[in-house]
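Participant: Contents are compact mmCIF, C-alpha atoms; file name target10.txt:
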# COMPACT_ATOMS: atom_id res chain seq x y z
CA ILE C 298 17.23 43.44 -9.68
CA LYS C 299 19.26 46.64 -9.40
CA ALA C 300 16.16 48.71 -8.56
CA ALA C 301 15.19 46.18 -5.87
CA GLN C 302 18.67 46.40 -4.39
CA CYS C 303 18.44 50.20 -4.23
CA LEU C 304 15.09 50.04 -2.45
CA GLY C 305 16.43 47.34 -0.13
CA LYS C 306 19.27 49.61 0.97
CA LEU C 307 16.75 52.29 1.86
CA GLY C 308 14.88 49.80 4.00
CA ARG C 309 11.56 51.62 3.77
CA ARG C 310 9.84 49.95 0.81
CA PRO C 311 9.89 46.20 1.39
CA PHE C 312 6.81 45.44 -0.71
CA SER C 313 8.21 47.30 -3.71
CA GLU C 314 11.50 45.46 -3.32
CA GLU C 315 9.69 42.13 -3.26
CA SER C 316 7.57 43.05 -6.30
CA LEU C 317 10.61 44.06 -8.33
CA LEU C 318 12.34 40.76 -7.58
CA ILE C 319 9.23 38.77 -8.51
CA ASN C 320 9.07 40.75 -11.76
CA ALA C 321 12.71 39.88 -12.46
CA ILE C 322 11.86 36.20 -12.03
CA THR C 323 8.82 36.58 -14.29
CA TYR C 324 10.94 38.27 -16.97
CA HIS C 325 13.72 35.63 -16.91
CA PRO C 326 12.51 32.57 -14.95
CA GLN C 327 15.48 30.47 -16.07
CA ARG C 328 18.13 32.78 -14.55
CA PRO C 329 19.33 32.06 -10.97
CA GLU C 330 20.25 35.57 -9.81
CA ALA C 331 16.75 36.85 -8.96
CA TYR C 332 15.98 33.61 -7.12
CA PHE C 333 18.96 34.25 -4.88
CA PHE C 334 17.94 37.80 -4.08
CA ILE C 335 14.30 36.94 -3.37
CA SER C 336 15.43 34.03 -1.19
CA GLN C 337 17.76 36.35 0.69
CA TYR C 338 14.91 38.87 1.04
CA TYR C 339 12.63 36.27 2.65
CA GLU C 340 15.46 34.96 4.83
CA LYS C 341 15.96 38.44 6.30
CA GLN C 342 12.26 38.54 7.13
CA GLN C 343 12.49 35.07 8.70
CA LYS C 344 10.06 33.60 6.18
CA TRP C 345 11.95 30.34 6.06
CA PHE C 346 9.57 28.35 3.84
CA GLU C 347 9.55 31.00 1.09
CA ALA C 348 13.33 31.47 1.36
CA TYR C 349 13.89 27.73 1.08
CA ASN C 350 11.56 27.36 -1.92
CA PHE C 351 13.19 30.12 -3.95
CA ALA C 352 16.69 28.89 -3.08
CA ALA C 353 15.78 25.37 -4.19
CA ILE C 354 14.34 26.64 -7.48
CA GLY C 355 17.36 28.88 -8.07
CA LYS C 356 19.73 25.99 -7.46
CA GLY C 357 18.07 24.20 -10.35
CA HIS C 358 18.91 27.09 -12.66
CA ILE C 359 22.60 27.64 -11.84
CA ASN C 360 23.68 26.41 -15.27
CA ASN C 361 21.76 29.29 -16.91
CA LYS C 362 23.82 32.06 -15.29
CA LYS C 363 25.06 34.80 -17.64
CA GLU C 364 27.17 37.90 -17.22
CA THR C 365 25.22 41.04 -16.39
CA ILE C 366 25.89 44.55 -17.66
CA THR C 367 26.17 45.93 -14.12
CA ASN C 368 27.51 44.30 -10.98
CA ILE C 369 24.49 42.99 -9.08
CA GLU C 370 26.65 41.48 -6.34
CA TYR C 371 25.63 37.89 -7.07
CA PRO C 372 28.10 35.91 -4.94
CA GLY C 373 28.08 32.64 -6.88
CA ASP C 374 26.37 29.31 -7.17
CA TYR C 375 27.37 28.02 -3.74
CA VAL C 376 24.94 30.41 -2.01
CA PHE C 377 21.93 28.30 -2.89
CA THR C 378 23.29 25.33 -0.97
CA PHE C 379 24.08 27.60 1.97
CA LEU C 380 20.61 29.18 1.95
CA ILE C 381 18.87 25.81 1.72
CA ILE C 382 20.81 24.44 4.70
CA TYR C 383 20.35 27.66 6.67
CA CYS C 384 16.58 27.72 6.10
CA ILE C 385 16.18 24.07 7.09
CA PHE C 386 18.18 24.56 10.27
Spit out the file's structure as structure tokens when you get a sec.
Facilitator:
Amino acid sequence: IKAAQCLGKLGRRPFSEESLLINAITYHPQRPEAYFFISQYYEKQQKWFEAYNFAAIGKGHINNKKETITNIEYPGDYVFTFLIIYCIF
């Protein structure tokens, strides 16, 4: 997730950013953090269906959240509800 965030700040490697987030989901599919970041990634690209799907899946995993070693800037569980509503609108 941290590597994807670094590439996202550069803004020049969107496919690598997406791949790293998908890999994070593959590595820990029960954790909600990567679902939030991939949903946010698709929302920025105006891919509403993909953003909605990942936000809905992530919302189902909010009880599996754990502390991370580094700060990945995960805002909290409420963001999934916000993203779902935003993508539907």
Participant: Please determine, counting only C-alpha atoms, which residue among C:Gln302, C:Asn320, C:Asn361, C:Ser336 has the shortest atom-to-atom distance to Tyr349 in chain C.
Facilitator: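 The shortest atom-to-atom distance to Tyr349 in chain C comes from C:Ser336.
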Participant: Around the point (24.4, 36.0, -7.2) in the file's coordinates, collect all residues with an atom within 7 Å, using all atoms listed in the file, and return them as a PyMOL selection string.
Facilitator: chain C and resi 330+333+370-374
Participant: For CA of Lys363 in chain C and CA of Val376 in chain C, quote the distance in Å rounded to one decimal.
Facilitator: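 Here the two named atoms are 16.2 Å from each other.
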Participant: Select, from C:Asn360, C:Ser313, C:Gln342, C:Asn350, the residue with the minimum atom-to-atom distance to Gln327 in chain C, counting only C-alpha atoms.
Facilitator: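 Answer, going by the shortest atom-to-atom distance: C:Asn360.
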Participant: From the set C:Ala300, C:Ile382, C:Phe377, C:Tyr324, which residue has the shortest atom-to-atom contact distance to Ala352 in chain C, counting all atoms listed in the file?
Facilitator: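 The shortest atom-to-atom distance to Ala352 in chain C comes from C:Phe377.
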Participant: What separation in Å, quoted to one decimal, exists between CA of Ala301 in chain C and CA of Pro329 in chain C?
Facilitator: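 These two atoms are separated by 15.6 Å.
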Participant: In Å, with one decimal, what is the gap from CA of Ile385 in chain C to CA of Ile354 in chain C?
Facilitator: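 Interatomic distance, CA of Ile385 in chain C to CA of Ile354 in chain C: 14.9 Å.
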Participant: Tell me, as an MDAnalysis selection string, which residues lie within 10 Å of Glu340 in chain C, counting only C-alpha atoms; anything in the same chain fewer than 4 positions away does not count.
Facilitator: chainID C and resid 334:336 344:349 380 383:384
Participant: Given only C-alpha atoms as the basis, pick out the residue of C:Tyr332, C:Leu317, C:Ile298, C:Thr323 nearest to Ala353 in chain C.
Facilitator: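 Looking at the shortest contact to Ala353 in chain C, the residue is C:Tyr332.
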Participant: Where's the centre, and what are the edge lengths in Å to one decimal, of a box along x, y and z enclosing all listed atoms of range 304-323 of chain C padded 3 Å per side, as JSON?
Facilitator:
{"center_x": 13.0, "center_y": 44.2, "center_z": -5.1, "size_x": 18.5, "size_y": 22.1, "size_z": 24.3}
Participant: Can you work out which one of C:Tyr339, C:Ser316, C:Arg328, C:Gly305 has the shortest atom-to-atom distance to Thr365 in chain C, counting all atoms listed in the file?
Facilitator: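 Smallest distance to Thr365 in chain C is found for C:Arg328.
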Participant: Mind completing range 318-329 of chain C with all heavy atoms? Output as a PDB file, in the frame of the given file, please?
Facilitator:
ATOM      1  N   LEU C 318      11.650  42.047  -7.457  1.00  0.00           N
ATOM      2  CA  LEU C 318      12.340  40.760  -7.580  1.00  0.00           C
ATOM      3  C   LEU C 318      11.449  39.705  -8.227  1.00  0.00           C
ATOM      4  O   LEU C 318      11.915  38.916  -9.053  1.00  0.00           O
ATOM      5  CB  LEU C 318      12.844  40.301  -6.213  1.00  0.00           C
ATOM      6  CG  LEU C 318      13.983  41.147  -5.642  1.00  0.00           C
ATOM      7  CD1 LEU C 318      14.246  40.784  -4.195  1.00  0.00           C
ATOM      8  CD2 LEU C 318      15.244  40.981  -6.478  1.00  0.00           C
ATOM      9  N   ILE C 319      10.172  39.705  -7.865  1.00  0.00           N
ATOM     10  CA  ILE C 319       9.230  38.770  -8.510  1.00  0.00           C
ATOM     11  C   ILE C 319       9.113  39.090  -9.993  1.00  0.00           C
ATOM     12  O   ILE C 319       9.056  38.179 -10.825  1.00  0.00           O
ATOM     13  CB  ILE C 319       7.855  38.833  -7.806  1.00  0.00           C
ATOM     14  CG1 ILE C 319       7.951  38.325  -6.364  1.00  0.00           C
ATOM     15  CG2 ILE C 319       6.801  38.059  -8.585  1.00  0.00           C
ATOM     16  CD1 ILE C 319       8.291  36.858  -6.221  1.00  0.00           C
ATOM     17  N   ASN C 320       9.107  40.374 -10.341  1.00  0.00           N
ATOM     18  CA  ASN C 320       9.070  40.750 -11.760  1.00  0.00           C
ATOM     19  C   ASN C 320      10.320  40.293 -12.494  1.00  0.00           C
ATOM     20  O   ASN C 320      10.248  39.889 -13.662  1.00  0.00           O
ATOM     21  CB  ASN C 320       8.913  42.268 -11.903  1.00  0.00           C
ATOM     22  CG  ASN C 320       7.503  42.721 -11.637  1.00  0.00           C
ATOM     23  OD1 ASN C 320       6.566  41.938 -11.723  1.00  0.00           O
ATOM     24  ND2 ASN C 320       7.344  43.982 -11.280  1.00  0.00           N
ATOM     25  N   ALA C 321      11.471  40.357 -11.837  1.00  0.00           N
ATOM     26  CA  ALA C 321      12.710  39.880 -12.460  1.00  0.00           C
ATOM     27  C   ALA C 321      12.629  38.381 -12.747  1.00  0.00           C
ATOM     28  O   ALA C 321      13.086  37.914 -13.790  1.00  0.00           O
ATOM     29  CB  ALA C 321      13.910  40.189 -11.572  1.00  0.00           C
ATOM     30  N   ILE C 322      12.040  37.640 -11.815  1.00  0.00           N
ATOM     31  CA  ILE C 322      11.860  36.200 -12.030  1.00  0.00           C
ATOM     32  C   ILE C 322      10.888  35.951 -13.166  1.00  0.00           C
ATOM     33  O   ILE C 322      11.107  35.071 -14.004  1.00  0.00           O
ATOM     34  CB  ILE C 322      11.407  35.510 -10.730  1.00  0.00           C
ATOM     35  CG1 ILE C 322      12.544  35.518  -9.711  1.00  0.00           C
ATOM     36  CG2 ILE C 322      10.924  34.083 -10.995  1.00  0.00           C
ATOM     37  CD1 ILE C 322      12.141  35.063  -8.328  1.00  0.00           C
ATOM     38  N   THR C 323       9.815  36.729 -13.220  1.00  0.00           N
ATOM     39  CA  THR C 323       8.820  36.580 -14.290  1.00  0.00           C
ATOM     40  C   THR C 323       9.443  36.879 -15.655  1.00  0.00           C
ATOM     41  O   THR C 323       9.151  36.194 -16.637  1.00  0.00           O
ATOM     42  CB  THR C 323       7.632  37.517 -14.035  1.00  0.00           C
ATOM     43  OG1 THR C 323       7.084  37.209 -12.752  1.00  0.00           O
ATOM     44  CG2 THR C 323       6.559  37.346 -15.084  1.00  0.00           C
ATOM     45  N   TYR C 324      10.314  37.875 -15.713  1.00  0.00           N
ATOM     46  CA  TYR C 324      10.940  38.270 -16.970  1.00  0.00           C
ATOM     47  C   TYR C 324      11.933  37.225 -17.467  1.00  0.00           C
ATOM     48  O   TYR C 324      11.995  36.935 -18.661  1.00  0.00           O
ATOM     49  CB  TYR C 324      11.630  39.623 -16.785  1.00  0.00           C
ATOM     50  CG  TYR C 324      12.170  40.217 -18.054  1.00  0.00           C
ATOM     51  CD1 TYR C 324      11.315  40.646 -19.068  1.00  0.00           C
ATOM     52  CD2 TYR C 324      13.535  40.345 -18.256  1.00  0.00           C
ATOM     53  CE1 TYR C 324      11.808  41.178 -20.236  1.00  0.00           C
ATOM     54  CE2 TYR C 324      14.039  40.881 -19.421  1.00  0.00           C
ATOM     55  CZ  TYR C 324      13.169  41.298 -20.402  1.00  0.00           C
ATOM     56  OH  TYR C 324      13.665  41.826 -21.560  1.00  0.00           O
ATOM     57  N   HIS C 325      12.743  36.665 -16.561  1.00  0.00           N
ATOM     58  CA  HIS C 325      13.720  35.630 -16.910  1.00  0.00           C
ATOM     59  C   HIS C 325      13.657  34.503 -15.878  1.00  0.00           C
ATOM     60  O   HIS C 325      14.514  34.406 -14.988  1.00  0.00           O
ATOM     61  CB  HIS C 325      15.145  36.192 -16.935  1.00  0.00           C
ATOM     62  CG  HIS C 325      15.491  36.957 -18.159  1.00  0.00           C
ATOM     63  ND1 HIS C 325      15.556  36.377 -19.399  1.00  0.00           N
ATOM     64  CD2 HIS C 325      15.796  38.263 -18.353  1.00  0.00           C
ATOM     65  CE1 HIS C 325      15.879  37.283 -20.293  1.00  0.00           C
ATOM     66  NE2 HIS C 325      16.023  38.443 -19.676  1.00  0.00           N
ATOM     67  N   PRO C 326      12.663  33.627 -15.978  1.00  0.00           N
ATOM     68  CA  PRO C 326      12.510  32.570 -14.950  1.00  0.00           C
ATOM     69  C   PRO C 326      13.616  31.524 -14.955  1.00  0.00           C
ATOM     70  O   PRO C 326      13.774  30.797 -13.978  1.00  0.00           O
ATOM     71  CB  PRO C 326      11.156  31.949 -15.298  1.00  0.00           C
ATOM     72  CG  PRO C 326      10.914  32.280 -16.718  1.00  0.00           C
ATOM     73  CD  PRO C 326      11.609  33.583 -16.971  1.00  0.00           C
ATOM     74  N   GLN C 327      14.416  31.478 -15.999  1.00  0.00           N
ATOM     75  CA  GLN C 327      15.480  30.470 -16.070  1.00  0.00           C
ATOM     76  C   GLN C 327      16.797  30.956 -15.483  1.00  0.00           C
ATOM     77  O   GLN C 327      17.728  30.182 -15.340  1.00  0.00           O
ATOM     78  CB  GLN C 327      15.672  30.019 -17.526  1.00  0.00           C
ATOM     79  CG  GLN C 327      16.307  31.042 -18.431  1.00  0.00           C
ATOM     80  CD  GLN C 327      15.365  32.131 -18.916  1.00  0.00           C
ATOM     81  OE1 GLN C 327      14.197  32.175 -18.555  1.00  0.00           O
ATOM     82  NE2 GLN C 327      15.878  33.033 -19.744  1.00  0.00           N
ATOM     83  N   ARG C 328      16.891  32.232 -15.101  1.00  0.00           N
ATOM     84  CA  ARG C 328      18.130  32.780 -14.550  1.00  0.00           C
ATOM     85  C   ARG C 328      18.152  32.645 -13.035  1.00  0.00           C
ATOM     86  O   ARG C 328      17.146  32.881 -12.367  1.00  0.00           O
ATOM     87  CB  ARG C 328      18.269  34.262 -14.915  1.00  0.00           C
ATOM     88  CG  ARG C 328      18.312  34.568 -16.408  1.00  0.00           C
ATOM     89  CD  ARG C 328      19.686  34.522 -17.001  1.00  0.00           C
ATOM     90  NE  ARG C 328      20.665  35.325 -16.325  1.00  0.00           N
ATOM     91  CZ  ARG C 328      20.978  36.556 -16.645  1.00  0.00           C
ATOM     92  NH1 ARG C 328      20.367  37.183 -17.618  1.00  0.00           N
ATOM     93  NH2 ARG C 328      21.918  37.186 -15.972  1.00  0.00           N
ATOM     94  N   PRO C 329      19.288  32.307 -12.418  1.00  0.00           N
ATOM     95  CA  PRO C 329      19.330  32.060 -10.970  1.00  0.00           C
ATOM     96  C   PRO C 329      19.457  33.305 -10.092  1.00  0.00           C
ATOM     97  O   PRO C 329      19.117  33.263  -8.908  1.00  0.00           O
ATOM     98  CB  PRO C 329      20.566  31.183 -10.806  1.00  0.00           C
ATOM     99  CG  PRO C 329      21.480  31.623 -11.906  1.00  0.00           C
ATOM    100  CD  PRO C 329      20.555  31.946 -13.065  1.00  0.00           C
TER     101      PRO C 329
END
